[in-house]
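The next block is start.cif, given as mmCIF, C-alpha atoms and all ligand atoms.
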```cif
data_model
#
loop_
_atom_site.label_atom_id
_atom_site.label_comp_id
_atom_site.auth_asym_id
_atom_site.auth_seq_id
_atom_site.Cartn_x
_atom_site.Cartn_y
_atom_site.Cartn_z
CA MET A 1 -8.34 -14.46 -14.76
CA ILE A 2 -10.56 -11.65 -16.01
CA ASN A 3 -13.57 -13.99 -15.82
CA ASP A 4 -13.15 -14.15 -12.02
CA VAL A 5 -13.80 -10.39 -11.73
CA GLU A 6 -17.36 -9.38 -10.86
CA ARG A 7 -16.82 -5.69 -11.54
CA ILE A 8 -14.18 -3.00 -11.93
CA LEU A 9 -14.14 -0.65 -8.95
CA ILE A 10 -11.36 1.72 -10.10
CA SER A 11 -10.36 1.83 -13.76
CA GLU A 12 -6.87 2.12 -15.19
CA ALA A 13 -7.58 5.74 -16.22
CA GLN A 14 -8.87 6.68 -12.76
CA LEU A 15 -5.75 5.18 -11.15
CA ALA A 16 -3.44 7.10 -13.50
CA GLU A 17 -5.26 10.40 -12.90
CA ARG A 18 -5.24 10.07 -9.10
CA ILE A 19 -1.57 9.02 -8.99
CA LYS A 20 -0.66 12.13 -10.98
CA GLU A 21 -2.45 14.24 -8.35
CA LEU A 22 -0.77 12.43 -5.45
CA GLY A 23 2.63 12.89 -7.10
CA ALA A 24 2.05 16.62 -7.51
CA GLN A 25 0.94 16.99 -3.89
CA ILE A 26 3.94 15.04 -2.58
CA THR A 27 6.31 17.02 -4.83
CA ALA A 28 4.98 20.29 -3.39
CA ASP A 29 5.10 19.06 0.23
CA TYR A 30 8.71 17.85 -0.05
CA ALA A 31 10.16 20.81 -1.96
CA GLY A 32 13.90 21.07 -1.19
CA LYS A 33 13.98 17.62 0.46
CA GLU A 34 14.90 14.10 -0.58
CA ILE A 35 12.50 11.24 0.00
CA LEU A 36 13.24 7.66 0.93
CA ALA A 37 10.18 5.79 -0.35
CA ILE A 38 9.63 2.51 1.49
CA GLY A 39 7.47 0.07 -0.41
CA VAL A 40 5.70 -2.60 1.58
CA LEU A 41 6.08 -5.82 -0.38
CA ARG A 42 4.54 -7.31 -2.22
CA GLY A 43 1.28 -5.50 -2.84
CA ALA A 44 2.71 -1.98 -3.11
CA VAL A 45 5.13 -2.70 -5.96
CA VAL A 46 2.87 -1.70 -8.84
CA PHE A 47 1.68 1.50 -7.14
CA MET A 48 5.23 2.34 -6.02
CA ALA A 49 6.51 2.16 -9.61
CA ASP A 50 3.90 4.62 -10.87
CA LEU A 51 3.85 6.91 -7.81
CA THR A 52 7.62 7.45 -7.65
CA ARG A 53 7.66 8.47 -11.32
CA ALA A 54 4.98 11.08 -10.61
CA ILE A 55 7.16 12.69 -7.89
CA LYS A 56 9.60 15.38 -9.07
CA VAL A 57 11.93 15.67 -6.04
CA PRO A 58 14.72 13.07 -5.59
CA VAL A 59 13.37 9.71 -4.44
CA ALA A 60 15.48 6.82 -3.17
CA ILE A 61 13.67 3.51 -2.80
CA ASP A 62 13.83 0.61 -0.41
CA PHE A 63 11.49 -2.23 0.46
CA MET A 64 10.25 -4.12 3.46
CA ALA A 65 8.33 -7.35 3.33
CA VAL A 66 5.78 -8.11 6.00
CA SER A 67 2.93 -10.54 6.01
CA SER A 68 -0.23 -10.90 8.02
CA TYR A 69 -2.73 -12.36 5.56
CA GLY A 70 -1.36 -15.71 4.40
CA ALA A 71 -3.73 -17.13 1.80
CA GLY A 72 -7.00 -15.84 3.33
CA THR A 73 -9.02 -12.62 3.26
CA ASP A 74 -8.68 -11.78 6.98
CA SER A 75 -5.60 -10.41 8.73
CA SER A 76 -4.15 -12.86 11.24
CA GLY A 77 -3.17 -9.84 13.37
CA VAL A 78 0.33 -11.25 13.70
CA VAL A 79 2.74 -9.21 11.59
CA ARG A 80 5.99 -10.85 10.57
CA ILE A 81 8.97 -9.08 9.00
CA LEU A 82 10.03 -11.24 6.08
CA LYS A 83 12.58 -8.77 4.69
CA ASP A 84 14.05 -5.73 6.43
CA LEU A 85 15.29 -2.48 4.85
CA ASP A 86 18.73 -2.30 3.26
CA GLU A 87 19.10 1.45 3.97
CA ASN A 88 19.96 3.21 7.22
CA ILE A 89 16.94 5.48 7.77
CA GLU A 90 18.23 7.67 10.62
CA GLY A 91 17.67 11.35 9.78
CA ARG A 92 15.85 10.62 6.51
CA HIS A 93 12.41 11.62 5.25
CA LEU A 94 10.45 8.39 4.91
CA LEU A 95 7.42 7.97 2.72
CA ILE A 96 5.81 4.60 3.38
CA VAL A 97 4.00 3.37 0.29
CA GLU A 98 1.18 0.86 0.80
CA ASP A 99 -1.40 -0.62 -1.51
CA ILE A 100 -4.16 -0.83 1.11
CA ILE A 101 -4.89 -0.05 4.75
CA ASP A 102 -7.53 -2.48 5.94
CA SER A 103 -7.45 -3.44 9.65
CA GLY A 104 -4.50 -1.06 10.12
CA LEU A 105 -2.58 -3.74 12.03
CA THR A 106 0.28 -4.02 9.52
CA LEU A 107 0.91 -0.27 9.48
CA THR A 108 0.62 0.19 13.23
CA TYR A 109 3.35 -2.39 13.68
CA LEU A 110 5.48 -0.99 10.89
CA LEU A 111 5.24 2.65 12.04
CA GLU A 112 6.35 1.78 15.56
CA ASN A 113 9.21 -0.29 14.20
CA LEU A 114 10.42 2.49 11.84
CA LYS A 115 10.02 5.32 14.40
CA SER A 116 12.42 3.55 16.75
CA ARG A 117 15.15 3.93 14.09
CA LYS A 118 14.97 7.76 14.36
CA PRO A 119 14.08 9.02 10.86
CA ALA A 120 13.69 12.80 10.37
CA SER A 121 10.04 12.31 9.38
CA ILE A 122 7.57 9.59 8.42
CA LYS A 123 4.55 10.01 6.17
CA LEU A 124 2.22 7.39 4.83
CA CYS A 125 0.81 7.14 1.33
CA THR A 126 -1.73 4.43 0.57
CA LEU A 127 -3.47 3.78 -2.72
CA LEU A 128 -6.57 2.37 -1.02
CA ASN A 129 -8.16 2.90 2.35
CA LYS A 130 -10.84 0.57 3.70
CA PRO A 131 -11.94 2.34 6.93
CA GLU A 132 -14.89 0.03 7.67
CA ARG A 133 -12.46 -2.74 8.63
CA ARG A 134 -10.21 -0.70 10.91
CA LYS A 135 -9.05 -2.31 14.17
CA ALA A 136 -6.15 0.07 14.88
CA GLU A 137 -6.22 3.80 14.06
CA VAL A 138 -3.64 4.90 11.48
CA GLN A 139 -2.91 8.45 10.33
CA ILE A 140 -2.87 8.52 6.52
CA ASP A 141 -1.10 11.50 4.93
CA TYR A 142 -1.87 10.68 1.29
CA ASN A 143 -4.88 8.57 0.37
CA GLY A 144 -5.62 7.52 -3.20
CA PHE A 145 -9.15 6.15 -2.85
CA THR A 146 -11.45 5.14 -0.02
CA VAL A 147 -13.05 1.80 -0.86
CA PRO A 148 -16.03 -0.09 0.59
CA ASP A 149 -15.64 -3.36 2.47
CA TYR A 150 -15.05 -5.71 -0.43
CA PHE A 151 -11.99 -7.87 -0.89
CA VAL A 152 -10.37 -6.10 -3.83
CA VAL A 153 -7.69 -7.31 -6.24
CA GLY A 154 -5.53 -5.98 -9.05
CA TYR A 155 -2.87 -3.31 -9.48
CA GLY A 156 -0.62 -5.15 -7.01
CA LEU A 157 -3.31 -6.58 -4.73
CA ASP A 158 -3.76 -10.33 -4.68
CA PHE A 159 -6.02 -13.08 -3.57
CA ALA A 160 -3.83 -16.13 -2.80
CA GLU A 161 -1.02 -14.59 -4.94
CA LYS A 162 -3.24 -14.22 -8.02
CA TYR A 163 -4.61 -11.12 -9.82
CA ARG A 164 -1.73 -8.73 -8.91
CA ASN A 165 -1.13 -8.02 -12.61
CA LEU A 166 -4.65 -6.83 -13.40
CA PRO A 167 -4.27 -3.17 -14.50
CA PHE A 168 -7.37 -2.03 -12.54
CA ILE A 169 -8.84 -2.53 -9.04
CA GLY A 170 -11.68 -5.02 -9.15
CA ILE A 171 -13.99 -7.09 -6.99
CA LEU A 172 -13.92 -10.88 -7.33
CA LYS A 173 -17.00 -13.00 -7.85
CA PRO A 174 -17.90 -14.48 -4.43
CA GLU A 175 -17.58 -18.06 -5.70
CA VAL A 176 -13.88 -17.42 -6.36
CA TYR A 177 -12.96 -16.91 -2.68
CA LYS A 178 -15.74 -18.68 -0.76
O1 LIG A 201 -4.38 -3.00 7.28
P1 LIG A 201 -4.12 -4.46 7.27
O2 LIG A 201 -5.37 -5.25 7.63
O3 LIG A 201 -2.96 -4.88 8.10
O4 LIG A 201 -3.86 -4.91 5.76
C1 LIG A 201 -3.01 -4.27 4.88
C2 LIG A 201 -1.86 -5.12 4.49
O5 LIG A 201 -2.30 -6.34 3.91
C3 LIG A 201 -1.74 -6.53 2.63
O6 LIG A 201 -0.54 -7.25 2.69
P2 LIG A 201 -0.44 -8.85 2.71
O7 LIG A 201 -0.11 -9.30 4.09
O8 LIG A 201 -1.67 -9.43 2.06
O9 LIG A 201 0.84 -9.12 1.80
P3 LIG A 201 1.10 -8.74 0.24
O10 LIG A 201 1.38 -7.25 0.19
O11 LIG A 201 2.29 -9.55 -0.12
O12 LIG A 201 -0.14 -9.10 -0.55
C4 LIG A 201 -1.46 -5.12 2.17
O13 LIG A 201 -0.44 -5.07 1.20
C5 LIG A 201 -1.08 -4.40 3.41
O14 LIG A 201 0.31 -4.51 3.66
O1 LIG A 202 -9.05 -6.14 0.03
C1 LIG A 202 -7.88 -6.61 0.01
N1 LIG A 202 -7.38 -7.20 -1.12
C2 LIG A 202 -6.14 -7.74 -1.18
N2 LIG A 202 -5.28 -7.73 -0.16
C3 LIG A 202 -5.70 -7.15 0.99
N3 LIG A 202 -5.05 -6.99 2.15
C4 LIG A 202 -5.87 -6.35 2.98
N4 LIG A 202 -7.06 -6.09 2.38
C5 LIG A 202 -6.98 -6.58 1.11
#
```
Spell out the structure here as structure tokens.
Ligand SMILES: O=P(O)(O)OC[C@H]1O[C@H](OP(=O)(O)OP(=O)(O)O)[C@H](O)[C@@H]1O
Ligand code: HPA
Amino acid sequence: MINDVERILISEAQLAERIKELGAQITADYAGKEILAIGVLRGAVVFMADLTRAIKVPVAIDFMAVSSYGAGTDSSGVVRILKDLDENIEGRHLLIVEDIIDSGLTLTYLLENLKSRKPASIKLCTLLNKPERRKAEVQIDYNGFTVPDYFVVGYGLDFAEKYRNLPFIGILKPEVYK
């Protein structure tokens, strides 16, 4: 698996340091409130586990599964809900946790869907932001790292369901996905 990686873009130590900072910022912003963190399956799971432990106000967790990529490296643009929330979100402070915002199509769909259920507030936290690929504008409240237009893997992110368990964010060798 490691032999498929061309180079490490964000190391394990850099991820840990930045997540500590994000946790502190979120803790300060939500003082006196309770958060319902909504992880977007499956990519956000690894980040969600570390981020929630860096937040010091009460955090409940729930998950939604959506898919728009299939086995390729381009969004199909068609977002499907594969698993809905278990919690009632009306009147709650939602923190959507994503691994990456790329075209922005997944989040645009998700935000509209969640807003219609009348939460008290919605904020978005993404580990990675790839603005060069944006097709729909998305307001990001907490951004871990801005990355260039490479297909990245690791720390939850996959290519065809592989590489999610790499502890860093890396770029694959072109021959692996071409
Ligand atoms: O901004 P966008 O272009 O919409 O891309 C971002 C979305 O794509 C990835 O999910 P994917 O559909 O690959 O599912 P996964 O989380 O199970 O890997 C990622 O986790 C985001 O949810
Ligand atoms: O660069 C990426 N890597 C993995 N999954 C993704 N989903 C959107 N962009 C990416």
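Closest approach to Gln25 (chain A) among A:Asp50, A:Pro58, A:Cys125, A:His93: A:Cys125, based on all atoms listed in the file.
Each of A:Leu41, A:Ile169, A:Leu128, A:Val59 was checked against Asp99 (chain A) using all atoms listed in the file; the smallest atom-to-atom distance is that of A:Leu128.
Remark: for Phe151 (chain A), the closest of the candidate residues A:Leu110, A:Phe63, A:Leu127, A:Ile100 is A:Ile100 (distances computed over all atoms listed in the file).
Between CA of Leu124 (chain A) and CA of Val5 (chain A) lies a distance of 29.1 Å.
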Output as JSON lines one row per residue of chain A within 6 Å of ligand LIG 201 (chain A): the closest atom pair and its distance in Å to one decimal place, counting all atoms listed in the file, sorted by chain and residue number ascending.
```
{"residue": "A:Leu41", "atom": "CA", "partner": "A:LIG201", "partner_atom": "O10", "distance": 4.9}
{"residue": "A:Arg42", "atom": "CA", "partner": "A:LIG201", "partner_atom": "O11", "distance": 3.8}
{"residue": "A:Gly43", "atom": "CA", "partner": "A:LIG201", "partner_atom": "O10", "distance": 3.5}
{"residue": "A:Ser67", "atom": "CA", "partner": "A:LIG201", "partner_atom": "O7", "distance": 3.8}
{"residue": "A:Ser68", "atom": "CA", "partner": "A:LIG201", "partner_atom": "O7", "distance": 4.2}
{"residue": "A:Tyr69", "atom": "CA", "partner": "A:LIG201", "partner_atom": "O7", "distance": 4.3}
{"residue": "A:Ser75", "atom": "CA", "partner": "A:LIG201", "partner_atom": "O2", "distance": 5.3}
{"residue": "A:Asp99", "atom": "CA", "partner": "A:LIG201", "partner_atom": "O13", "distance": 5.3}
{"residue": "A:Ile100", "atom": "CA", "partner": "A:LIG201", "partner_atom": "C4", "distance": 5.2}
{"residue": "A:Ile101", "atom": "CA", "partner": "A:LIG201", "partner_atom": "O1", "distance": 3.9}
{"residue": "A:Asp102", "atom": "CA", "partner": "A:LIG201", "partner_atom": "O1", "distance": 3.5}
{"residue": "A:Ser103", "atom": "CA", "partner": "A:LIG201", "partner_atom": "O2", "distance": 3.4}
{"residue": "A:Gly104", "atom": "CA", "partner": "A:LIG201", "partner_atom": "O1", "distance": 3.4}
{"residue": "A:Leu105", "atom": "CA", "partner": "A:LIG201", "partner_atom": "O3", "distance": 4.1}
{"residue": "A:Thr106", "atom": "CA", "partner": "A:LIG201", "partner_atom": "O3", "distance": 3.6}
{"residue": "A:Leu157", "atom": "CA", "partner": "A:LIG201", "partner_atom": "O12", "distance": 5.8}
{"residue": "A:Asp158", "atom": "CA", "partner": "A:LIG201", "partner_atom": "O12", "distance": 5.6}
```
Practice task
Measuring atom to atom with only C-alpha atoms, identify which of A:Tyr30, A:Tyr150, A:Tyr109, A:Tyr142 is nearest to Lys173 (chain A).
Solution key: A:Tyr150
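If you measure from each of A:Leu166, A:Val66, A:Val57, A:Leu172 to Ile35 (chain A) using all atoms listed in the file, the closest one turns out to be A:Val57.
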Closest pair table for region 38-145 of chain A residues within 7 Å of region 17-22 of chain A, only C-alpha atoms, as CSV:
```
residue,atom,partner,partner_atom,distance
A:Leu51,CA,A:Ile19,CA,5.9
A:Ala54,CA,A:Lys20,CA,5.7
A:Gly144,CA,A:Arg18,CA,6.4
```
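In this structure, CA of Pro119 (chain A) sits 11.4 Å away from CA of Glu87 (chain A).
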Exercise for the section: Pick out the residues sitting within 12 Å of Asp86 (chain A), and hand them over as a PyMOL selection string; count only C-alpha atoms, and ignore anything fewer than 5 positions along from it in its own chain. Expected result: chain A and resi 36+38+60-65
Practice task
In the coordinate frame of the file, compute which residues have an atom within 12 Å of (-11.2, 6.3, -12.1) when using all atoms listed in the file, and state them as a PyMOL selection string.
Solution key: chain A and resi 8-19+144-145+167-170
Write out, as a PDB file, in the coordinates of the input, the residues just selected, with C-alpha atoms.
```
ATOM      1  CA  ILE A   8     -14.180  -3.000 -11.930  1.00  0.00           C
ATOM      2  CA  LEU A   9     -14.140  -0.650  -8.950  1.00  0.00           C
ATOM      3  CA  ILE A  10     -11.360   1.720 -10.100  1.00  0.00           C
ATOM      4  CA  SER A  11     -10.360   1.830 -13.760  1.00  0.00           C
ATOM      5  CA  GLU A  12      -6.870   2.120 -15.190  1.00  0.00           C
ATOM      6  CA  ALA A  13      -7.580   5.740 -16.220  1.00  0.00           C
ATOM      7  CA  GLN A  14      -8.870   6.680 -12.760  1.00  0.00           C
ATOM      8  CA  LEU A  15      -5.750   5.180 -11.150  1.00  0.00           C
ATOM      9  CA  ALA A  16      -3.440   7.100 -13.500  1.00  0.00           C
ATOM     10  CA  GLU A  17      -5.260  10.400 -12.900  1.00  0.00           C
ATOM     11  CA  ARG A  18      -5.240  10.070  -9.100  1.00  0.00           C
ATOM     12  CA  ILE A  19      -1.570   9.020  -8.990  1.00  0.00           C
ATOM     13  CA  GLY A 144      -5.620   7.520  -3.200  1.00  0.00           C
ATOM     14  CA  PHE A 145      -9.150   6.150  -2.850  1.00  0.00           C
ATOM     15  CA  PRO A 167      -4.270  -3.170 -14.500  1.00  0.00           C
ATOM     16  CA  PHE A 168      -7.370  -2.030 -12.540  1.00  0.00           C
ATOM     17  CA  ILE A 169      -8.840  -2.530  -9.040  1.00  0.00           C
ATOM     18  CA  GLY A 170     -11.680  -5.020  -9.150  1.00  0.00           C
TER      19      GLY A 170
END
```
